[in-house]
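coords-v4.txt (compact mmCIF, C-alpha atoms and all ligand atoms) appears below.
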# COMPACT_ATOMS: atom_id res chain seq x y z
CA MET A 1 183.73 6.87 3.25
CA THR A 2 180.96 7.27 0.68
CA GLN A 3 181.17 9.93 -2.05
CA TYR A 4 177.42 10.48 -1.83
CA ASN A 5 175.64 13.03 0.30
CA ILE A 6 172.00 12.85 -0.69
CA LYS A 7 169.77 15.21 1.26
CA PHE A 8 166.15 14.40 1.93
CA ILE A 9 165.03 17.80 0.62
CA GLY A 10 166.71 19.33 -2.44
CA LEU A 11 165.89 22.99 -1.85
CA ASP A 12 169.53 24.05 -2.21
CA ARG A 13 169.71 22.36 -5.63
CA LEU A 14 166.41 23.88 -6.66
CA PHE A 15 167.76 27.31 -5.78
CA SER A 16 171.01 26.87 -7.65
CA ASN A 17 169.15 25.61 -10.77
CA HIS A 18 166.75 28.60 -10.76
CA ARG A 19 168.82 31.16 -8.88
CA SER A 20 168.33 34.14 -11.17
CA GLU A 21 164.57 33.51 -11.57
CA TYR A 22 163.99 33.50 -7.81
CA LEU A 23 166.32 36.40 -7.07
CA ASP A 24 164.85 38.54 -9.86
CA ALA A 25 161.33 37.83 -8.59
CA VAL A 26 162.21 38.80 -5.03
CA GLU A 27 164.15 41.87 -6.15
CA LYS A 28 161.13 43.11 -8.09
CA VAL A 29 159.03 42.99 -4.92
CA LEU A 30 161.61 44.55 -2.62
CA GLY A 31 162.38 47.25 -5.19
CA THR A 32 158.76 48.44 -5.25
CA GLY A 33 158.42 48.59 -1.48
CA THR A 34 155.02 46.85 -1.76
CA VAL A 35 155.83 43.81 0.35
CA ILE A 36 152.24 43.11 1.40
CA GLY A 37 149.55 42.69 -1.28
CA GLY A 38 150.11 43.89 -4.83
CA PRO A 39 150.31 42.20 -8.23
CA HIS A 40 152.39 39.17 -7.17
CA ILE A 41 149.74 38.13 -4.66
CA ASP A 42 146.99 38.67 -7.24
CA GLU A 43 148.85 36.58 -9.82
CA PHE A 44 149.52 33.82 -7.29
CA GLU A 45 145.90 33.59 -6.15
CA LYS A 46 144.63 33.68 -9.74
CA SER A 47 146.94 30.79 -10.70
CA LEU A 48 145.81 28.71 -7.71
CA ALA A 49 142.15 29.19 -8.59
CA GLU A 50 142.87 28.19 -12.19
CA ILE A 51 144.94 25.11 -11.34
CA THR A 52 142.40 23.81 -8.82
CA ASN A 53 139.41 24.86 -10.93
CA ARG A 54 138.00 26.88 -8.03
CA LYS A 55 136.31 30.28 -8.06
CA TYR A 56 138.30 31.75 -5.18
CA ALA A 57 141.81 31.46 -3.75
CA VAL A 58 142.95 33.18 -0.55
CA SER A 59 146.66 33.13 0.24
CA VAL A 60 147.79 32.81 3.86
CA THR A 61 151.07 32.13 5.64
CA SER A 62 150.60 28.37 6.12
CA CYS A 63 148.35 25.43 5.41
CA THR A 64 148.00 25.11 9.18
CA ASP A 65 146.17 28.46 9.20
CA ALA A 66 144.33 27.60 5.98
CA LEU A 67 142.79 24.52 7.65
CA PHE A 68 141.82 26.45 10.77
CA PHE A 69 140.31 29.28 8.73
CA ILE A 70 138.25 26.89 6.59
CA LEU A 71 136.88 25.07 9.63
CA THR A 72 136.12 28.36 11.39
CA SER A 73 134.43 29.86 8.35
CA CYS A 74 132.22 26.74 8.10
CA GLY A 75 131.03 27.48 11.63
CA ILE A 76 132.74 24.46 13.18
CA GLY A 77 133.47 24.86 16.87
CA LYS A 78 132.80 23.61 20.39
CA GLY A 79 130.46 20.64 20.54
CA ASP A 80 131.10 19.58 16.94
CA GLU A 81 132.99 16.50 15.80
CA VAL A 82 135.15 16.33 12.70
CA ILE A 83 136.11 12.90 11.38
CA THR A 84 139.65 12.77 10.12
CA THR A 85 142.54 10.43 9.47
CA SER A 86 144.66 8.78 12.13
CA TYR A 87 147.71 9.02 9.89
CA SER A 88 148.83 12.49 8.83
CA PHE A 89 150.86 15.48 9.89
CA ILE A 90 149.79 16.95 13.23
CA ALA A 91 148.35 20.12 11.61
CA THR A 92 145.45 18.18 10.09
CA ALA A 93 143.93 17.39 13.45
CA SER A 94 145.32 20.25 15.55
CA ALA A 95 143.40 22.65 13.28
CA VAL A 96 140.19 20.94 14.46
CA LEU A 97 141.20 21.24 18.10
CA ARG A 98 142.03 24.93 17.58
CA THR A 99 138.38 25.62 16.68
CA GLY A 100 137.19 24.01 19.93
CA ALA A 101 135.72 21.03 18.03
CA THR A 102 136.79 17.42 18.59
CA PRO A 103 138.76 15.46 16.01
CA VAL A 104 137.38 11.94 15.72
CA PHE A 105 139.94 9.62 14.21
CA ALA A 106 139.41 6.85 11.69
CA ASP A 107 141.95 4.23 10.66
CA VAL A 108 143.53 4.23 7.20
CA ASP A 109 143.82 1.74 4.33
CA GLY A 110 146.86 0.34 2.48
CA HIS A 111 147.17 3.68 0.65
CA TYR A 112 147.38 5.51 4.02
CA HIS A 113 143.96 7.08 3.53
CA LEU A 114 140.61 7.28 5.30
CA THR A 115 138.11 4.68 4.14
CA LEU A 116 134.39 5.30 3.98
CA ASP A 117 133.75 2.21 6.10
CA GLN A 118 135.87 3.67 8.88
CA VAL A 119 134.20 7.06 8.47
CA ARG A 120 130.75 5.45 8.75
CA GLN A 121 131.80 3.75 12.00
CA ALA A 122 133.15 7.00 13.42
CA LYS A 123 130.05 9.05 12.61
CA THR A 124 127.84 10.23 15.48
CA ASP A 125 125.00 12.75 15.86
CA ARG A 126 127.59 15.42 16.53
CA THR A 127 129.62 14.84 13.36
CA LYS A 128 129.66 18.02 11.33
CA ALA A 129 132.41 17.44 8.80
CA VAL A 130 134.87 15.01 7.25
CA LEU A 131 138.39 16.35 6.86
CA ALA A 132 140.07 14.18 4.22
CA VAL A 133 143.78 14.21 3.46
CA ASN A 134 145.22 13.18 0.11
CA LEU A 135 148.36 11.90 1.75
CA LEU A 136 151.71 11.58 -0.05
CA GLY A 137 150.23 13.08 -3.25
CA ASP A 138 147.84 10.20 -3.94
CA CYS A 139 144.07 10.83 -3.99
CA ILE A 140 141.12 9.23 -2.22
CA ASP A 141 138.03 8.35 -4.25
CA PHE A 142 136.61 11.86 -4.62
CA THR A 143 133.27 10.68 -6.01
CA ALA A 144 132.55 8.21 -3.21
CA PHE A 145 133.44 10.72 -0.47
CA GLU A 146 131.35 13.49 -2.07
CA GLU A 147 128.35 11.20 -2.49
CA TYR A 148 128.59 9.99 1.10
CA CYS A 149 128.97 13.48 2.59
CA ASN A 150 126.12 14.87 0.49
CA LYS A 151 123.87 12.02 1.52
CA GLU A 152 124.73 12.37 5.22
CA LYS A 153 124.67 16.21 5.08
CA LEU A 154 128.26 16.44 6.28
CA LEU A 155 130.68 19.12 5.17
CA LEU A 156 133.61 17.72 3.21
CA ILE A 157 136.92 19.57 3.57
CA GLU A 158 140.16 18.66 1.83
CA ASP A 159 143.62 18.86 3.35
CA ALA A 160 145.53 19.08 0.06
CA ALA A 161 148.85 20.05 1.66
CA GLN A 162 150.60 17.11 -0.01
CA SER A 163 148.56 16.69 -3.16
CA PHE A 164 148.74 19.94 -5.13
CA GLY A 165 149.13 18.85 -8.77
CA ALA A 166 147.51 15.43 -8.22
CA LYS A 167 144.21 14.48 -9.88
CA TYR A 168 141.40 12.01 -9.41
CA ARG A 169 139.53 11.09 -12.62
CA GLY A 170 140.56 14.40 -14.15
CA VAL A 171 139.51 16.45 -11.11
CA PRO A 172 142.42 18.34 -9.53
CA SER A 173 143.24 18.00 -5.87
CA GLY A 174 142.10 21.33 -4.42
CA LYS A 175 138.62 20.82 -5.86
CA LEU A 176 137.38 18.24 -3.36
CA GLY A 177 134.42 19.25 -1.22
CA LEU A 178 133.54 22.67 0.10
CA ALA A 179 137.06 24.04 0.45
CA SER A 180 140.66 22.83 0.28
CA ALA A 181 143.80 23.84 2.14
CA LEU A 182 147.12 24.02 0.26
CA SER A 183 150.70 24.18 1.51
CA PHE A 184 153.77 25.67 -0.16
CA SER A 185 156.35 25.06 2.55
CA PRO A 186 159.91 24.06 1.54
CA MET A 187 159.16 20.33 1.54
CA LYS A 188 156.14 20.59 -0.74
CA THR A 189 155.76 19.88 -4.46
CA VAL A 190 155.58 23.62 -5.17
CA PRO A 191 157.80 25.18 -2.55
CA CYS A 192 158.84 28.64 -1.51
CA PHE A 193 161.81 29.63 0.60
CA GLY A 194 159.76 30.05 3.75
CA THR A 195 156.20 29.03 4.56
CA ALA A 196 152.99 29.71 2.66
CA GLY A 197 149.51 28.28 2.29
CA ALA A 198 146.15 28.98 0.68
CA ILE A 199 142.44 28.27 0.79
CA VAL A 200 140.68 27.43 -2.46
CA THR A 201 136.89 27.20 -2.65
CA ASP A 202 133.85 27.85 -4.81
CA ASP A 203 131.98 29.33 -1.85
CA LYS A 204 132.01 33.13 -1.76
CA ASP A 205 131.21 33.33 1.97
CA ILE A 206 134.01 30.93 2.93
CA ALA A 207 136.48 32.87 0.77
CA GLY A 208 135.30 36.16 2.30
CA THR A 209 135.52 34.91 5.89
CA CYS A 210 138.96 33.36 5.34
CA SER A 211 140.10 36.62 3.83
CA SER A 212 138.95 38.50 6.95
CA LEU A 213 140.43 35.93 9.32
CA ARG A 214 143.88 36.39 7.80
CA ARG A 215 143.69 40.17 8.43
CA HIS A 216 142.52 40.71 12.00
CA GLY A 217 138.90 40.14 11.04
CA LYS A 218 138.74 43.15 8.75
CA VAL A 219 136.52 43.22 5.68
CA ASN A 220 138.01 44.99 2.64
CA GLU A 221 139.15 48.48 3.63
CA SER A 222 136.92 48.75 6.71
CA PRO A 223 138.85 49.92 9.81
CA SER A 224 136.80 47.73 12.16
CA SER A 225 137.40 44.10 13.03
CA VAL A 226 134.08 42.36 12.55
CA ILE A 227 135.21 38.90 13.67
CA LEU A 228 138.08 37.66 15.80
CA GLY A 229 140.94 37.53 13.33
CA TYR A 230 144.62 36.72 13.06
CA ASN A 231 147.69 37.89 11.17
CA SER A 232 148.24 35.45 8.33
CA VAL A 233 148.89 37.73 5.37
CA LEU A 234 151.30 36.16 2.90
CA PRO A 235 154.29 38.43 2.20
CA SER A 236 154.47 39.43 -1.48
CA ASP A 237 158.03 38.16 -1.95
CA LYS A 238 156.83 34.63 -1.08
CA ALA A 239 154.07 34.96 -3.69
CA ALA A 240 156.67 36.13 -6.22
CA GLN A 241 158.82 33.06 -5.45
CA LEU A 242 155.79 30.83 -5.78
CA ASN A 243 154.89 32.34 -9.14
CA VAL A 244 158.31 31.09 -10.28
CA SER A 245 157.75 27.63 -8.75
CA LEU A 246 154.32 27.35 -10.36
CA LYS A 247 155.87 27.75 -13.82
CA HIS A 248 157.90 24.59 -13.26
CA MET A 249 155.49 22.49 -11.22
CA TYR A 250 154.36 20.05 -13.92
CA GLN A 251 157.88 19.49 -15.21
CA TRP A 252 159.05 18.73 -11.64
CA GLN A 253 156.06 16.47 -11.14
CA GLU A 254 156.92 14.45 -14.28
CA ARG A 255 160.47 14.01 -13.04
CA ARG A 256 159.26 12.83 -9.60
CA ALA A 257 156.96 10.32 -11.31
CA LEU A 258 159.97 8.90 -13.20
CA ILE A 259 161.93 8.63 -9.96
CA ALA A 260 158.99 6.88 -8.29
CA ASP A 261 158.83 4.38 -11.17
CA ARG A 262 162.53 3.76 -10.86
CA TYR A 263 162.22 3.08 -7.11
CA ILE A 264 159.19 0.81 -7.59
CA THR A 265 160.95 -1.27 -10.25
CA GLY A 266 164.32 -1.33 -8.46
CA LEU A 267 162.85 -2.30 -5.09
CA ASN A 268 160.43 -4.90 -6.39
CA GLY A 269 160.83 -8.11 -4.36
CA VAL A 270 163.61 -6.70 -2.16
CA GLY A 271 163.36 -7.99 1.44
CA ASP A 272 159.90 -7.38 2.87
CA ILE A 273 159.59 -3.96 1.27
CA VAL A 274 156.15 -2.71 0.28
CA THR A 275 156.34 0.15 -2.21
CA PRO A 276 153.47 2.63 -2.59
CA GLY A 277 150.64 1.71 -4.92
CA THR A 278 148.76 4.06 -7.19
CA ARG A 279 144.98 4.08 -7.50
CA ASP A 280 142.96 3.59 -10.64
CA GLY A 281 142.05 6.96 -12.11
CA ALA A 282 144.47 8.90 -9.91
CA VAL A 283 147.43 10.97 -11.07
CA HIS A 284 149.88 10.89 -8.17
CA CYS A 285 152.00 14.01 -7.65
CA TRP A 286 154.63 12.08 -5.67
CA HIS A 287 155.03 14.51 -2.84
CA LYS A 288 156.57 11.65 -0.87
CA PHE A 289 157.86 8.20 -1.72
CA MET A 290 157.12 6.09 1.32
CA LEU A 291 157.97 2.40 1.61
CA ARG A 292 157.25 -0.02 4.41
CA THR A 293 159.55 -2.59 5.97
CA SER A 294 159.67 -4.33 9.33
CA ARG A 295 163.39 -3.37 9.46
CA ARG A 296 162.71 0.38 9.09
CA ASP A 297 164.95 1.76 11.86
CA GLU A 298 167.94 -0.44 10.93
CA LEU A 299 167.52 0.47 7.25
CA GLN A 300 167.34 4.18 8.04
CA LYS A 301 170.61 3.99 10.01
CA PHE A 302 172.28 1.98 7.26
CA LEU A 303 171.24 4.50 4.60
CA LEU A 304 172.42 7.43 6.67
CA HIS A 305 175.79 5.74 6.99
CA SER A 306 175.78 5.42 3.18
CA GLY A 307 175.23 9.18 2.78
CA ILE A 308 171.46 9.02 2.21
CA GLN A 309 169.05 11.03 4.33
CA THR A 310 165.57 9.60 4.82
CA GLN A 311 162.66 10.61 7.05
CA VAL A 312 159.91 8.88 8.98
CA HIS A 313 156.34 10.02 8.30
CA TYR A 314 154.85 9.61 10.83
CA LYS A 315 156.42 8.19 13.97
CA ILE A 316 153.39 8.99 16.10
CA PRO A 317 149.90 8.21 14.78
CA LEU A 318 147.63 11.17 15.45
CA PRO A 319 145.44 9.40 18.05
CA SER A 320 148.59 8.74 20.11
CA GLU A 321 149.55 12.42 20.24
CA PRO A 322 149.02 13.58 23.84
CA ILE A 323 147.16 16.77 22.79
CA PHE A 324 144.25 14.69 21.51
CA GLY A 325 143.89 12.71 24.75
CA GLN A 326 142.51 9.59 23.03
CA LYS A 327 141.39 6.83 25.35
CA ARG A 328 142.14 4.02 22.87
CA PRO A 329 145.07 5.03 20.63
CA ASP A 330 145.85 1.31 20.16
CA PHE A 331 142.57 0.96 18.26
CA PHE A 332 144.03 2.34 15.00
CA THR A 333 145.91 -0.75 13.95
CA ASN A 334 147.03 0.24 10.44
CA ALA A 335 148.18 3.68 11.57
CA ILE A 336 150.16 2.06 14.40
CA GLU A 337 151.75 -0.47 12.06
CA TYR A 338 152.69 2.23 9.55
CA SER A 339 154.21 4.43 12.24
CA LYS A 340 156.64 1.58 12.95
CA THR A 341 157.38 0.53 9.37
CA CYS A 342 157.20 3.55 7.04
CA LEU A 343 160.28 5.23 5.63
CA SER A 344 160.31 8.11 3.14
CA LEU A 345 163.07 8.19 0.53
CA PRO A 346 164.34 11.37 -1.14
CA ILE A 347 162.21 12.32 -4.15
CA TYR A 348 162.75 15.66 -5.88
CA ALA A 349 163.24 16.73 -9.46
CA GLU A 350 166.93 17.56 -8.99
CA LEU A 351 167.81 14.02 -7.88
CA LYS A 352 169.95 12.37 -10.55
CA ASP A 353 169.21 8.87 -11.93
CA GLN A 354 172.65 7.80 -10.74
CA GLU A 355 171.72 8.85 -7.18
CA VAL A 356 168.36 7.06 -7.33
CA ASP A 357 170.17 3.92 -8.54
CA TYR A 358 172.67 4.28 -5.70
CA ILE A 359 169.83 4.52 -3.15
CA ILE A 360 168.19 1.40 -4.64
CA GLN A 361 171.50 -0.46 -4.62
CA GLN A 362 172.18 0.44 -1.00
CA ILE A 363 168.72 -0.82 0.00
CA ARG A 364 169.36 -4.05 -1.92
CA ASP A 365 172.74 -4.42 -0.22
CA PHE A 366 171.14 -3.88 3.18
CA PHE A 367 168.68 -6.73 2.65
C1 LIG B 1 148.92 16.74 5.47
C2 LIG B 1 149.41 18.07 5.95
N1 LIG B 1 148.53 18.97 6.42
C3 LIG B 1 148.91 20.19 6.84
C4 LIG B 1 150.23 20.57 6.81
C5 LIG B 1 150.62 21.91 7.32
O1 LIG B 1 151.20 22.68 6.31
P1 LIG B 1 152.02 24.00 6.63
O2 LIG B 1 153.41 23.58 6.98
O3 LIG B 1 151.97 24.80 5.35
O4 LIG B 1 151.35 24.69 7.74
C6 LIG B 1 151.19 19.68 6.33
C7 LIG B 1 152.61 20.05 6.31
O5 LIG B 1 153.49 19.25 6.14
C8 LIG B 1 150.78 18.39 5.88
O6 LIG B 1 151.65 17.50 5.42
Just give me the structure as structure tokens.
Amino acid sequence: MTQYNIKFIGLDRLFSNHRSEYLDAVEKVLGTGTVIGGPHIDEFEKSLAEITNRKYAVSVTSCTDALFFILTSCGIGKGDEVITTSYSFIATASAVLRTGATPVFADVDGHYHLTLDQVRQAKTDRTKAVLAVNLLGDCIDFTAFEEYCNKEKLLLIEDAAQSFGAKYRGVPSGKLGLASALSFSPMKTVPCFGTAGAIVTDDKDIAGTCSSLRRHGKVNESPSSVILGYNSVLPSDKAAQLNVSLKHMYQWQERRALIADRYITGLNGVGDIVTPGTRDGAVHCWHKFMLRTSRRDELQKFLLHSGIQTQVHYKIPLPSEPIFGQKRPDFFTNAIEYSKTCLSLPIYAELKDQEVDYIIQQIRDFF
């Protein structure tokens, strides 16, 4: 029996390393009785705006809501088409469906991202927006996408759930296009113990509408609901936890980058493994470390037996999800191939070098 038990997510280790910081932060909130709104929320939103170089940040309870609120506040709805990736978490495209609009999928490149060529092919007269995802913590070419969307008069929206802390040519993820959606769920680079999300934007109207949508459509202190709204107000204790996480985010990111380097070097030339590439000009935040191999399922079982948890992102390409009712899900060839070959390895700051080396060795032994 192996002595190792390496979890895919290291939230328990994160908590034990920063126990008193998190508990003190939460106690401060609970002790005041102000569990909605208040200074912790203000501090959190201010930090997000600063980090992403945006004018406004609106906290909400999830990135899933953040995406829906952005699309809604841009006026996207029934009859509109939104071009998005065929390879992402379900929330990227379900947010489009939730507005009544139609997600139009485009295949991805070797970095798991939308390409402009694919976007051009997917564009129709009804296309209103491009919803780009900076998957895994790597960034698309911001400049090319912005130029294209400006030229074609399409709205550009960023799903930055996985890329908070990443940069493209010095521009932070969170700054791409009209508005960006952020996630702070337990698996993310800056996690809280629960779920949380945010909208960041330079557009005052989008920020104002998102702010109303999260609070039953109310504007400031007005008692009336002016638009159909929802309940997506972030509890203050989550903001307090996230203010702690934000203090450590760059240090954690540096550690994940070292782990990624170690994996890339250690797995070079092993079996048919393809390790993730990085793009010129991009600072990867290493939200996930995803490799590809034709022996994915066997390898995952072998690693589990060796005490190593891994995950598959994503087993079902978005066009194959029944809710989207695509007529030709087989059309998205890269997304389909990746859904059969991708495997995510543990990558978090608390992972020890010895454990990373053990994971590499086990993969070598398997092949
Ligand atoms: C690319 C992407 N978009 C959206 C989401 C939804 O984020 P949340 O869990 O905060 O709703 C996720 C969550 O994993 C994600 O990976």
Each residue of chain A with at least one atom at most 7 Å from ligand LIG 1 (chain B) should appear once, together with its nearest atom pair and the corresponding distance in Å (one decimal); atoms considered: only C-alpha atoms and all ligand atoms; ordering: chain, then increasing residue number; output as CSV.
residue,atom,partner,partner_atom,distance
A:Ser62,CA,B:LIG1,O3,3.9
A:Cys63,CA,B:LIG1,O3,3.7
A:Thr64,CA,B:LIG1,O4,3.7
A:Asp65,CA,B:LIG1,O4,6.6
A:Ser88,CA,B:LIG1,C1,5.4
A:Phe89,CA,B:LIG1,C2,4.9
A:Ala91,CA,B:LIG1,C3,4.8
A:Thr92,CA,B:LIG1,N1,4.9
A:Val133,CA,B:LIG1,C1,6.1
A:Leu135,CA,B:LIG1,C1,6.1
A:Asp159,CA,B:LIG1,N1,5.8
A:Ala160,CA,B:LIG1,C1,6.8
A:Ala161,CA,B:LIG1,C2,4.8
A:Gln162,CA,B:LIG1,O6,5.5
A:Ser183,CA,B:LIG1,O3,4.1
A:Phe184,CA,B:LIG1,O3,5.9
A:Ser185,CA,B:LIG1,O3,5.2
A:Thr195,CA,B:LIG1,O3,6.0
A:Ala196,CA,B:LIG1,O3,5.7
A:Gly197,CA,B:LIG1,O3,5.2
Region 198-209 of chain A: which residues within 6 Å, counting all atoms listed in the file, same-chain residues fewer than 2 positions away excluded, as an mmCIF file with C-alpha atoms, keeping the file's coordinate frame?
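The resulting file, out13.cif, is shown below:
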data_model
loop_
_atom_site.group_PDB
_atom_site.id
_atom_site.type_symbol
_atom_site.label_atom_id
_atom_site.label_comp_id
_atom_site.auth_asym_id
_atom_site.auth_seq_id
_atom_site.Cartn_x
_atom_site.Cartn_y
_atom_site.Cartn_z
ATOM 1 C CA ARG A 54 138.000 26.880 -8.030
ATOM 2 C CA LYS A 55 136.310 30.280 -8.060
ATOM 3 C CA TYR A 56 138.300 31.750 -5.180
ATOM 4 C CA ALA A 57 141.810 31.460 -3.750
ATOM 5 C CA VAL A 58 142.950 33.180 -0.550
ATOM 6 C CA SER A 59 146.660 33.130 0.240
ATOM 7 C CA VAL A 60 147.790 32.810 3.860
ATOM 8 C CA ALA A 66 144.330 27.600 5.980
ATOM 9 C CA SER A 73 134.430 29.860 8.350
ATOM 10 C CA ALA A 179 137.060 24.040 0.450
ATOM 11 C CA SER A 180 140.660 22.830 0.280
ATOM 12 C CA ALA A 181 143.800 23.840 2.140
ATOM 13 C CA LEU A 182 147.120 24.020 0.260
ATOM 14 C CA SER A 211 140.100 36.620 3.830
ATOM 15 C CA SER A 212 138.950 38.500 6.950
#
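As for CA of Ile157 (chain A) and CA of Ala144 (chain A), they are spaced 13.9 Å apart.
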Which neighbours of region 7-19 of chain A fall inside 7 Å, counting only C-alpha atoms, when residues of the same chain fewer than 5 positions from it are skipped, and could you give them as a PyMOL selection string?
-> chain A and resi 186-187+308-310+346+348+350
Please, could you write that set of residues out with C-alpha atoms as an mmCIF file, in the coordinates of the input?
data_model
loop_
_atom_site.group_PDB
_atom_site.id
_atom_site.type_symbol
_atom_site.label_atom_id
_atom_site.label_comp_id
_atom_site.auth_asym_id
_atom_site.auth_seq_id
_atom_site.Cartn_x
_atom_site.Cartn_y
_atom_site.Cartn_z
ATOM 1 C CA PRO A 186 159.910 24.060 1.540
ATOM 2 C CA MET A 187 159.160 20.330 1.540
ATOM 3 C CA ILE A 308 171.460 9.020 2.210
ATOM 4 C CA GLN A 309 169.050 11.030 4.330
ATOM 5 C CA THR A 310 165.570 9.600 4.820
ATOM 6 C CA PRO A 346 164.340 11.370 -1.140
ATOM 7 C CA TYR A 348 162.750 15.660 -5.880
ATOM 8 C CA GLU A 350 166.930 17.560 -8.990
#
Between A:Val82, A:Ala101, A:Leu303, A:Ile76, single out the one closest to Thr127 (chain A), counting all atoms listed in the file.
->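 Answer, going by the shortest atom-to-atom distance: A:Val82.
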Point (150.0, 14.0, 13.2) neighbourhood (10 Å, all atoms listed in the file) written as a PyMOL selection string = chain A and resi 85-94+313-321
Write the residues of the preceding selection, restricted to C-alpha atoms, as a PDB file, in the coordinates of the input.
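Below is the file part-v5.pdb, written as the result:
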ATOM      1  CA  THR A  85     142.540  10.430   9.470  1.00  0.00           C
ATOM      2  CA  SER A  86     144.660   8.780  12.130  1.00  0.00           C
ATOM      3  CA  TYR A  87     147.710   9.020   9.890  1.00  0.00           C
ATOM      4  CA  SER A  88     148.830  12.490   8.830  1.00  0.00           C
ATOM      5  CA  PHE A  89     150.860  15.480   9.890  1.00  0.00           C
ATOM      6  CA  ILE A  90     149.790  16.950  13.230  1.00  0.00           C
ATOM      7  CA  ALA A  91     148.350  20.120  11.610  1.00  0.00           C
ATOM      8  CA  THR A  92     145.450  18.180  10.090  1.00  0.00           C
ATOM      9  CA  ALA A  93     143.930  17.390  13.450  1.00  0.00           C
ATOM     10  CA  SER A  94     145.320  20.250  15.550  1.00  0.00           C
ATOM     11  CA  HIS A 313     156.340  10.020   8.300  1.00  0.00           C
ATOM     12  CA  TYR A 314     154.850   9.610  10.830  1.00  0.00           C
ATOM     13  CA  LYS A 315     156.420   8.190  13.970  1.00  0.00           C
ATOM     14  CA  ILE A 316     153.390   8.990  16.100  1.00  0.00           C
ATOM     15  CA  PRO A 317     149.900   8.210  14.780  1.00  0.00           C
ATOM     16  CA  LEU A 318     147.630  11.170  15.450  1.00  0.00           C
ATOM     17  CA  PRO A 319     145.440   9.400  18.050  1.00  0.00           C
ATOM     18  CA  SER A 320     148.590   8.740  20.110  1.00  0.00           C
ATOM     19  CA  GLU A 321     149.550  12.420  20.240  1.00  0.00           C
TER      20      GLU A 321
END
Option closest in space to Ser47 (chain A), from A:Ile273, A:Ile323, A:Leu246, A:Leu234 [counting only C-alpha atoms] =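 Closest to Ser47 (chain A), using only C-alpha atoms: A:Leu246.
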Between A:Glu337, A:Asp141, A:Glu298, A:Asp365, single out the one closest to Val283 (chain A), counting all atoms listed in the file.
-> A:Asp141
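With all atoms listed in the file as the atoms that count, the residue of A:Lys28, A:Arg214, A:Arg169, A:Lys46 with the shortest distance to Phe68 (chain A) is A:Arg214.
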For Ala257 (chain A), please output as a PyMOL selection string all residues within 9 Å (counting all atoms listed in the file; exclusion window: fewer than 6 positions along the same chain).
-> chain A and resi 284-286
Counting only C-alpha atoms, the residue of A:Leu131, A:Ile264, A:Leu178, A:Ile6 that sits nearest Gln354 (chain A) =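 Ranked by minimum distance to Gln354 (chain A), first place goes to A:Ile6.
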Name the closest residue to Thr52 (chain A) among the candidates A:Tyr263, A:Tyr168, A:Phe69, A:Phe367; distances are taken between atoms, counting all atoms listed in the file.
->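 So, comparing all the options, the nearest one is A:Tyr168.
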Pairwise distance for CA of Phe289 (chain A) and CA of Phe142 (chain A), rounded to one decimal in Å |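 About the pair CA of Phe289 (chain A) and CA of Phe142 (chain A): they are 21.8 Å apart.
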Find the residues near Leu156 (chain A): any atom within 6 Å, counting only C-alpha atoms, skip ones fewer than 3 places away on the same chain, and give them as a list of chain:residue names.
->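 My reading of the contact set: A:Ala129, A:Val130, A:Gly177, A:Leu178.
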What is the distance between CA of Lys128 (chain A) and CA of Lys153 (chain A), in Å to one decimal?
-> 8.2 Å
